Amino acid sequence: MLAGWAALAPALAAADAAPRKMKIALVPGSIGVTADSQRALNDLAHRHRFEAVEPRVEEIAAMSAEQLGELQADLAAKQLTWAAAGLTVDFRKDETIFRDGMGKLPELAAGLQRAGVTRVGTWLAPSHGQLTYRANFRLHTTRLAEIARVLEAHGLRFGLEYVGTQRSLLGGRYPFVHTMAETRELIAEIGRPNVGLVLDSWHWWQAGDVAQDVLALKNSDVVSVDLNDAPPGLAKVLHKDGERELPLATGVIDLTAFVNALVAIGYDGPARPEPFNKAVNALENDPACAACSEAMHRTMALIKS
């Protein structure tokens with residue numbers, strides 16, 4: 001951890017000692033929480049000191065102007081901003097499924113735009129059963145560029161999350177994009193100005209990425225952030241993607257280096273916990289939110305001014 005911090009010190013010394021820009025986000029599916037409406041989700045977020053909340057895409061798109069106005073007033077009263085929305089298009093399967101999602105995307109994107117949402121995120125499968133790396137790269141470039149164009153037309157940034165978990169590379173016959181550098185190559189090939197990264201501390205650590213890789217980015221390169229820790233006592237190659245810990249639970253992942261690198265580049269977007277943790281998932285809504293919020297606030301206290 002000391003080595004990671006030493007690399008960050010010059011960049012942080014040059015940064016303004018400004019209030020934290022990163023917003024602690026409630027994304028219910030990431031922590032086993034459920035809510036039956038956007039207002040109920042807003043209430044949970046406010047009650048547990050979250051600063052951003054996931055937009056429920058289809059619910060928001062179906063709202064009237066009056067309902068959207070009431071929703072925006074509720075967000076303002078609770079001092080909440082929007083986290084990134086989840087992508088509704090499944091681009092990983094066959095053409096019929098992809099086209100069905102694309103047919104619905106313009107209306108959903110327009111709804112998000114009316115509500116003031118500005119970010120959408122998704123993840124990249126790190127292997128494929130039939131497509132080689134080059135064939136899969138071409139497919140992703142084509143489909144993701146098409147999605148990006150629709151989102152761009154509605155003022156939405158589009159984040160791509162690489163899955164660095166080493167065991168996940170064995171899920172299909174052909175490994176695919178699973179590091180920050182490869183994801184940046186894919187983004188460059190897509191060639192749309194609204195496409196950037198979803199950075200997850202777990203995948204950053206699993207992929208062997210370091211603080212300097214984050215410092216090479218700009219704020220505009222990062223759409224959303226996930227914060228996680230890892231179980232202790234395992235070789236990195238033995239970790240399972242669905243068995244993580246809340247931020248700072250173990251200290252296995254150098255969150256001091258990760259978070260402060262984001263601060264150094266001026267990152268001003270949402271950060272959510274995504275532990276995929278059985279103990280957290282087993283909790284009722286309020287205890288789960290309380291535990292996750294506390295872990296996130298402790299993590300933000302790592303920020304050096």
# chains A, B, ... in the order shown; residues from 1 in each chain; ligands from 1

$ select_by_dssp --residues "range 152-299 of chain A" --states "alpha helix (DSSP H)" --output "PyMOL selection string"
chain A and resi 152-153+180-190+201-206+211-215+255-264+278-281+285-299

$ closest_atom_pairs --of "range 47-83 of chain A" --to "range 23-39 of chain A" --cutoff "7 Å" --atoms "only C-alpha atoms" --output "CSV"
residue,atom,partner,partner_atom,distance
A:Phe50,CA,A:Ile24,CA,5.4
A:Glu51,CA,A:Ile24,CA,5.1
A:Ala52,CA,A:Ala25,CA,4.3
A:Val53,CA,A:Leu26,CA,4.8
A:Glu54,CA,A:Val27,CA,5.2
A:Arg56,CA,A:Gln38,CA,6.3
A:Ala83,CA,A:Ala25,CA,6.0

$ residues_around --residues "Leu124 in chain A" --least-positions-apart "4" --cutoff "8 Å" --atoms "only C-alpha atoms" --output "list in words"
Leu160, Glu161, Tyr162, Val163 and Val177 of chain A

$ atom_distance --atom1 "CA of Ile303 in chain A" --atom2 "CA of Trp123 in chain A"
26.8 Å

$ select_by_dssp --residues "range 101-225 of chain A" --states "strand (DSSP E)" --output "JSON, numbers by chain"
{"A": [119, 120, 121, 122, 123, 124, 127, 128, 157, 158, 159, 160, 161, 162, 174, 175, 195, 196, 197, 198, 199, 200, 222, 223, 224, 225]}

$ closest_residue --among "A:Gly164, A:Gly155, A:Gly208, A:Pro231" --to "Val195 in chain A" --atoms "only C-alpha atoms"
A:Gly155

$ residues_around --residues "Lys236 in chain A" --least-positions-apart "3" --cutoff "9 Å" --atoms "only C-alpha atoms" --output "list in words"
Thr165, Gln166, Trp205, Gln206 and His239 of chain A

$ residues_around --residues "Ala109 in chain A" --least-positions-apart "2" --cutoff "9 Å" --atoms "only C-alpha atoms" --output "VMD selection string"
chain A and resid 57 61 104 to 107 111 to 114 150 to 151 153 to 156

$ atom_distance --atom1 "CA of Ala211 in chain A" --atom2 "CA of Ile265 in chain A"
11.1 Å

$ closest_residue --among "A:Lys304, A:Lys240, A:Arg47, A:Arg20" --to "Asn260 in chain A" --atoms "only C-alpha atoms"
A:Lys304

$ closest_residue --among "A:Glu95, A:Asp209, A:Asp286, A:Glu58" --to "Leu41 in chain A" --atoms "only C-alpha atoms"
A:Asp286

$ atom_distance --atom1 "CA of Arg119 in chain A" --atom2 "CA of Phe258 in chain A"
21.1 Å
